[in-house]
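Source file coords-v6.tsv; content: TSV, N, CA and C atoms.
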```tsv
chain	number	residue	atom	x	y	z
K	970	MET	N	98.62	88.14	113.64
K	970	MET	CA	97.66	89.22	113.48
K	970	MET	C	97.13	89.19	112.05
K	971	THR	N	95.99	89.78	111.88
K	971	THR	CA	95.37	89.80	110.57
K	971	THR	C	95.61	91.14	109.88
K	972	LEU	N	95.27	91.17	108.62
K	972	LEU	CA	95.39	92.39	107.83
K	972	LEU	C	94.64	93.54	108.48
K	973	SER	N	93.43	93.30	108.98
K	973	SER	CA	92.66	94.37	109.61
K	973	SER	C	93.31	94.83	110.91
K	974	ASP	N	93.99	93.94	111.64
K	974	ASP	CA	94.70	94.33	112.86
K	974	ASP	C	95.84	95.30	112.53
K	975	TRP	N	96.63	94.96	111.51
K	975	TRP	CA	97.72	95.84	111.08
K	975	TRP	C	97.16	97.19	110.66
K	976	ARG	N	96.08	97.16	109.90
K	976	ARG	CA	95.48	98.41	109.40
K	976	ARG	C	95.00	99.28	110.57
K	977	GLN	N	94.41	98.67	111.60
K	977	GLN	CA	93.93	99.44	112.76
K	977	GLN	C	95.09	100.08	113.52
K	978	ILE	N	96.15	99.34	113.72
K	978	ILE	CA	97.32	99.88	114.42
K	978	ILE	C	97.92	101.04	113.63
K	979	LEU	N	98.09	100.85	112.33
K	979	LEU	CA	98.69	101.90	111.50
K	979	LEU	C	97.76	103.09	111.33
K	980	SER	N	96.46	102.85	111.30
K	980	SER	CA	95.49	103.94	111.22
K	980	SER	C	95.57	104.79	112.49
K	981	PHE	N	95.68	104.16	113.64
K	981	PHE	CA	95.83	104.88	114.90
K	981	PHE	C	97.11	105.72	114.88
K	982	ALA	N	98.22	105.10	114.47
K	982	ALA	CA	99.50	105.81	114.41
K	982	ALA	C	99.42	107.00	113.46
K	983	HIS	N	98.77	106.80	112.33
K	983	HIS	CA	98.60	107.87	111.34
K	983	HIS	C	97.77	109.02	111.92
K	984	ALA	N	96.67	108.70	112.55
K	984	ALA	CA	95.78	109.71	113.10
K	984	ALA	C	96.43	110.53	114.21
K	985	HIS	N	97.37	109.91	114.92
K	985	HIS	CA	98.01	110.57	116.06
K	985	HIS	C	99.45	110.98	115.75
K	986	SER	N	99.85	110.89	114.48
K	986	SER	CA	101.21	111.27	114.04
K	986	SER	C	102.30	110.61	114.89
K	987	ARG	N	102.09	109.33	115.17
K	987	ARG	CA	103.06	108.57	115.97
K	987	ARG	C	104.04	107.86	115.04
K	988	ASN	N	105.30	107.85	115.42
K	988	ASN	CA	106.29	107.07	114.69
K	988	ASN	C	106.04	105.58	114.93
K	989	VAL	N	106.27	104.81	113.90
K	989	VAL	CA	106.15	103.36	114.00
K	989	VAL	C	107.39	102.72	113.39
K	990	THR	N	107.68	101.52	113.83
K	990	THR	CA	108.67	100.69	113.16
K	990	THR	C	107.93	99.48	112.64
K	991	VAL	N	108.00	99.29	111.33
K	991	VAL	CA	107.33	98.17	110.68
K	991	VAL	C	108.39	97.13	110.34
K	992	HIS	N	108.21	95.92	110.87
K	992	HIS	CA	109.15	94.82	110.64
K	992	HIS	C	108.55	93.88	109.59
K	993	LEU	N	109.36	93.52	108.61
K	993	LEU	CA	108.89	92.69	107.50
K	993	LEU	C	109.43	91.27	107.57
K	994	THR	N	108.79	90.38	106.83
K	994	THR	CA	109.22	88.98	106.78
K	994	THR	C	110.65	88.85	106.28
K	995	SER	N	111.12	89.79	105.48
K	995	SER	CA	112.48	89.75	104.94
K	995	SER	C	113.54	90.06	105.98
K	996	GLY	N	113.11	90.56	107.15
K	996	GLY	CA	114.04	90.97	108.19
K	996	GLY	C	114.28	92.48	108.18
K	997	ALA	N	113.85	93.16	107.14
K	997	ALA	CA	114.00	94.61	107.06
K	997	ALA	C	113.04	95.29	108.02
K	998	ALA	N	113.40	96.47	108.46
K	998	ALA	CA	112.54	97.27	109.33
K	998	ALA	C	112.61	98.72	108.89
K	999	PHE	N	111.48	99.40	108.90
K	999	PHE	CA	111.40	100.79	108.49
K	999	PHE	C	110.72	101.59	109.59
K	1000	THR	N	111.34	102.70	109.99
K	1000	THR	CA	110.80	103.55	111.04
K	1000	THR	C	110.43	104.89	110.45
K	1001	GLY	N	109.24	105.36	110.78
K	1001	GLY	CA	108.80	106.66	110.31
K	1001	GLY	C	107.33	106.86	110.60
K	1002	ILE	N	106.74	107.79	109.87
K	1002	ILE	CA	105.33	108.13	110.02
K	1002	ILE	C	104.52	107.41	108.94
K	1003	ALA	N	103.40	106.83	109.32
K	1003	ALA	CA	102.49	106.23	108.34
K	1003	ALA	C	101.74	107.38	107.65
K	1004	THR	N	102.10	107.65	106.41
K	1004	THR	CA	101.50	108.78	105.71
K	1004	THR	C	100.37	108.37	104.79
K	1005	GLY	N	100.20	107.09	104.56
K	1005	GLY	CA	99.12	106.63	103.71
K	1005	GLY	C	98.80	105.17	103.95
K	1006	LEU	N	97.52	104.84	103.81
K	1006	LEU	CA	97.06	103.46	103.95
K	1006	LEU	C	96.23	103.12	102.73
K	1007	GLY	N	96.61	102.05	102.06
K	1007	GLY	CA	95.84	101.57	100.94
K	1007	GLY	C	95.16	100.27	101.30
K	1008	MET	N	94.57	99.63	100.32
K	1008	MET	CA	93.91	98.35	100.58
K	1008	MET	C	94.91	97.28	100.99
K	1009	ASP	N	96.08	97.28	100.37
K	1009	ASP	CA	97.06	96.22	100.61
K	1009	ASP	C	98.41	96.71	101.09
K	1010	LEU	N	98.55	98.03	101.28
K	1010	LEU	CA	99.86	98.53	101.67
K	1010	LEU	C	99.76	99.76	102.55
K	1011	VAL	N	100.88	100.04	103.19
K	1011	VAL	CA	101.04	101.25	104.00
K	1011	VAL	C	102.24	102.00	103.44
K	1012	VAL	N	102.16	103.32	103.50
K	1012	VAL	CA	103.28	104.16	103.10
K	1012	VAL	C	103.92	104.71	104.37
K	1013	ILE	N	105.21	104.40	104.55
K	1013	ILE	CA	105.97	104.90	105.68
K	1013	ILE	C	106.94	105.94	105.16
K	1014	GLU	N	106.87	107.14	105.73
K	1014	GLU	CA	107.81	108.20	105.36
K	1014	GLU	C	108.92	108.20	106.40
K	1015	GLN	N	110.13	107.94	105.91
K	1015	GLN	CA	111.28	107.80	106.79
K	1015	GLN	C	112.26	108.95	106.51
K	1016	HIS	N	112.69	109.62	107.57
K	1016	HIS	CA	113.63	110.74	107.43
K	1016	HIS	C	115.06	110.21	107.54
K	1017	ASP	N	115.91	110.61	106.59
K	1017	ASP	CA	117.32	110.25	106.61
K	1017	ASP	C	118.11	111.45	107.13
K	1018	PRO	N	118.60	111.37	108.37
K	1018	PRO	CA	119.30	112.51	108.95
K	1018	PRO	C	120.60	112.85	108.23
K	1019	GLU	N	121.22	111.88	107.58
K	1019	GLU	CA	122.48	112.15	106.88
K	1019	GLU	C	122.28	113.03	105.65
K	1020	THR	N	121.19	112.81	104.93
K	1020	THR	CA	120.93	113.60	103.72
K	1020	THR	C	119.92	114.70	103.95
K	1021	GLY	N	119.15	114.60	105.04
K	1021	GLY	CA	118.10	115.57	105.31
K	1021	GLY	C	116.86	115.34	104.47
K	1022	LYS	N	116.82	114.24	103.74
K	1022	LYS	CA	115.69	113.95	102.85
K	1022	LYS	C	114.76	112.92	103.48
K	1023	ASP	N	113.51	112.97	103.04
K	1023	ASP	CA	112.52	111.97	103.43
K	1023	ASP	C	112.37	110.96	102.31
K	1024	HIS	N	112.18	109.71	102.68
K	1024	HIS	CA	112.00	108.63	101.71
K	1024	HIS	C	110.69	107.91	102.00
K	1025	GLU	N	109.91	107.64	100.95
K	1025	GLU	CA	108.67	106.88	101.11
K	1025	GLU	C	108.94	105.41	100.85
K	1026	HIS	N	108.40	104.58	101.72
K	1026	HIS	CA	108.50	103.14	101.55
K	1026	HIS	C	107.08	102.59	101.48
K	1027	HIS	N	106.77	101.89	100.42
K	1027	HIS	CA	105.46	101.27	100.22
K	1027	HIS	C	105.59	99.81	100.65
K	1028	LEU	N	104.93	99.48	101.74
K	1028	LEU	CA	105.08	98.16	102.36
K	1028	LEU	C	103.77	97.39	102.31
K	1029	ALA	N	103.84	96.16	101.83
K	1029	ALA	CA	102.65	95.32	101.72
K	1029	ALA	C	102.27	94.76	103.09
K	1030	PHE	N	100.97	94.82	103.40
K	1030	PHE	CA	100.49	94.30	104.68
K	1030	PHE	C	100.85	92.83	104.86
K	1031	HIS	N	100.80	92.03	103.80
K	1031	HIS	CA	101.06	90.60	103.94
K	1031	HIS	C	102.51	90.30	104.34
K	1032	ALA	N	103.41	91.29	104.19
K	1032	ALA	CA	104.81	91.09	104.54
K	1032	ALA	C	105.14	91.56	105.96
K	1033	ILE	N	104.17	92.13	106.65
K	1033	ILE	CA	104.42	92.65	108.01
K	1033	ILE	C	104.36	91.51	109.03
K	1034	VAL	N	105.37	91.48	109.90
K	1034	VAL	CA	105.37	90.50	110.99
K	1034	VAL	C	105.25	91.15	112.37
K	1035	ALA	N	105.56	92.45	112.44
K	1035	ALA	CA	105.43	93.17	113.72
K	1035	ALA	C	105.41	94.67	113.46
K	1036	ILE	N	104.76	95.38	114.38
K	1036	ILE	CA	104.74	96.84	114.35
K	1036	ILE	C	105.01	97.32	115.77
K	1037	THR	N	105.93	98.27	115.88
K	1037	THR	CA	106.23	98.87	117.18
K	1037	THR	C	105.84	100.34	117.12
K	1038	LEU	N	105.02	100.79	118.06
K	1038	LEU	CA	104.67	102.19	118.18
K	1038	LEU	C	105.68	102.90	119.06
K	1039	ALA	N	106.11	104.08	118.63
K	1039	ALA	CA	107.01	104.88	119.46
K	1039	ALA	C	106.22	105.43	120.64
K	1040	PRO	N	106.89	105.64	121.77
K	1040	PRO	CA	106.19	106.22	122.92
K	1040	PRO	C	105.66	107.62	122.59
K	1041	GLU	N	104.60	107.99	123.26
K	1041	GLU	CA	104.06	109.34	123.06
K	1041	GLU	C	105.03	110.35	123.64
K	1042	ASP	N	105.06	111.53	123.01
K	1042	ASP	CA	105.93	112.60	123.52
K	1042	ASP	C	105.34	113.24	124.74
```
Structure translated into structure tokens:
Amino acid sequence: MTLSDWRQILSFAHAHSRNVTVHLTSGAAFTGIATGLGMDLVVIEQHDPETGKDHEHHLAFHAIVAITLAPED
């Protein structure tokens, strides 16, 4: 997929407040809400149920290998 494909998927998820799991080339995966889209990155806000805190992860589009959308509620 291309950079614009990732951006379109994440833009859709952001607009509809859908959870996504973003898988990176490093093998890491982050699940949460896409709260921001930049030219080269996406911000995923991930909730940690153990601490009750939210964490922002700034992920570069070039490192994304897959995106999974959570089912609609």
Item to check | d(CA of Gly1007 (chain K), atom N of Asp1023 (chain K)) in Å | outcome: 21.1 Å
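Our summary of the geometry notes that CA of Glu1019 (chain K) is positioned 18.1 Å from CA of Ala998 (chain K).
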Checklist entry - What is the distance, in Å and to one decimal place, between CA of His1027 (chain K) and atom N of Leu1010 (chain K)? => result 7.7 Å
Next on the checklist: DSSP on the backbone: which residues in region 979-1032 of chain K end up as alpha helix (DSSP H)? Give the answer as a VMD selection string.
Outcome noted: chain K and resid 979 to 984
Checklist outcome for this item: Of K:Arg976, K:His1031, K:His1024, K:His985, the one sitting nearest Asp1009 (chain K) when using only N, CA and C atoms is K:His1031
Item to check | Contacts of Thr1000 (chain K) within 6.5 Å, all atoms listed in the file, excl. fewer than 3 positions in-chain, as a VMD selection string | outcome: chain K and resid 988 to 991 1013 to 1016
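Distances here use all atoms listed in the file; by that measure, the residue among K:Lys1022, K:Ala984, K:His992, K:Gly1005 closest to Thr1037 (chain K) is K:His992.
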Next on the checklist: Give me, as number ranges by chain, the residues of region 987-1042 of chain K that a backbone DSSP run labels strand (DSSP E or B).
Outcome noted: K: 988-993, 998-1006, 1010-1017, 1022-1029, 1033-1038
Next on the checklist: I'd like the neighbourhood of Trp975 (chain K) as a VMD selection string, where a residue qualifies if any of its atoms comes within 8 Å (using all atoms listed in the file), though same-chain residues fewer than 5 positions away should be ignored.
Outcome noted: chain K and resid 970 980 to 981 1030 1036
Atoms kept (N, CA and C atoms) for selection, written as a PDB file, keeping the file's coordinate frame:
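After the write, out_9.pdb holds the following:
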```
ATOM      1  N   MET K 970      98.620  88.140 113.640  1.00  0.00           N
ATOM      2  CA  MET K 970      97.660  89.220 113.480  1.00  0.00           C
ATOM      3  C   MET K 970      97.130  89.190 112.050  1.00  0.00           C
ATOM      4  N   SER K 980      96.460 102.850 111.300  1.00  0.00           N
ATOM      5  CA  SER K 980      95.490 103.940 111.220  1.00  0.00           C
ATOM      6  C   SER K 980      95.570 104.790 112.490  1.00  0.00           C
ATOM      7  N   PHE K 981      95.680 104.160 113.640  1.00  0.00           N
ATOM      8  CA  PHE K 981      95.830 104.880 114.900  1.00  0.00           C
ATOM      9  C   PHE K 981      97.110 105.720 114.880  1.00  0.00           C
ATOM     10  N   PHE K1030     100.970  94.820 103.400  1.00  0.00           N
ATOM     11  CA  PHE K1030     100.490  94.300 104.680  1.00  0.00           C
ATOM     12  C   PHE K1030     100.850  92.830 104.860  1.00  0.00           C
ATOM     13  N   ILE K1036     104.760  95.380 114.380  1.00  0.00           N
ATOM     14  CA  ILE K1036     104.740  96.840 114.350  1.00  0.00           C
ATOM     15  C   ILE K1036     105.010  97.320 115.770  1.00  0.00           C
TER      16      ILE K1036
END
```
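The residue that comes closest to Ser986 (chain K), out of K:Ile1002, K:Met1008, K:Leu1028, K:Ala1035 and on the basis of only C-alpha atoms, is K:Ile1002.
Distances to Asp1017 (chain K) were evaluated for K:Thr994, K:Ala1039, K:Gly1001, K:Ala1032 using only C-alpha atoms, and the minimum falls at K:Gly1001.
Candidate residues K:Val1012, K:Leu1038, K:Ala1029, K:Leu1006 were compared for distance to Arg987 (chain K), and the nearest is K:Leu1038, using only N, CA and C atoms.
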Give the padded box for region 1031-1040 of chain K as JSON: axis-aligned, covering all atoms listed in the file, 4 Å on each side, centre and edge lengths in Å to one decimal.
```
{"center_x": 103.9, "center_y": 99.0, "center_z": 113.4, "size_x": 14.2, "size_y": 25.3, "size_z": 27.1}
```
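Distances from K:Val1011, K:Pro1040, K:Leu979, K:Ser995 to His1026 (chain K) were compared using all atoms listed in the file, and the smallest one belongs to K:Val1011.
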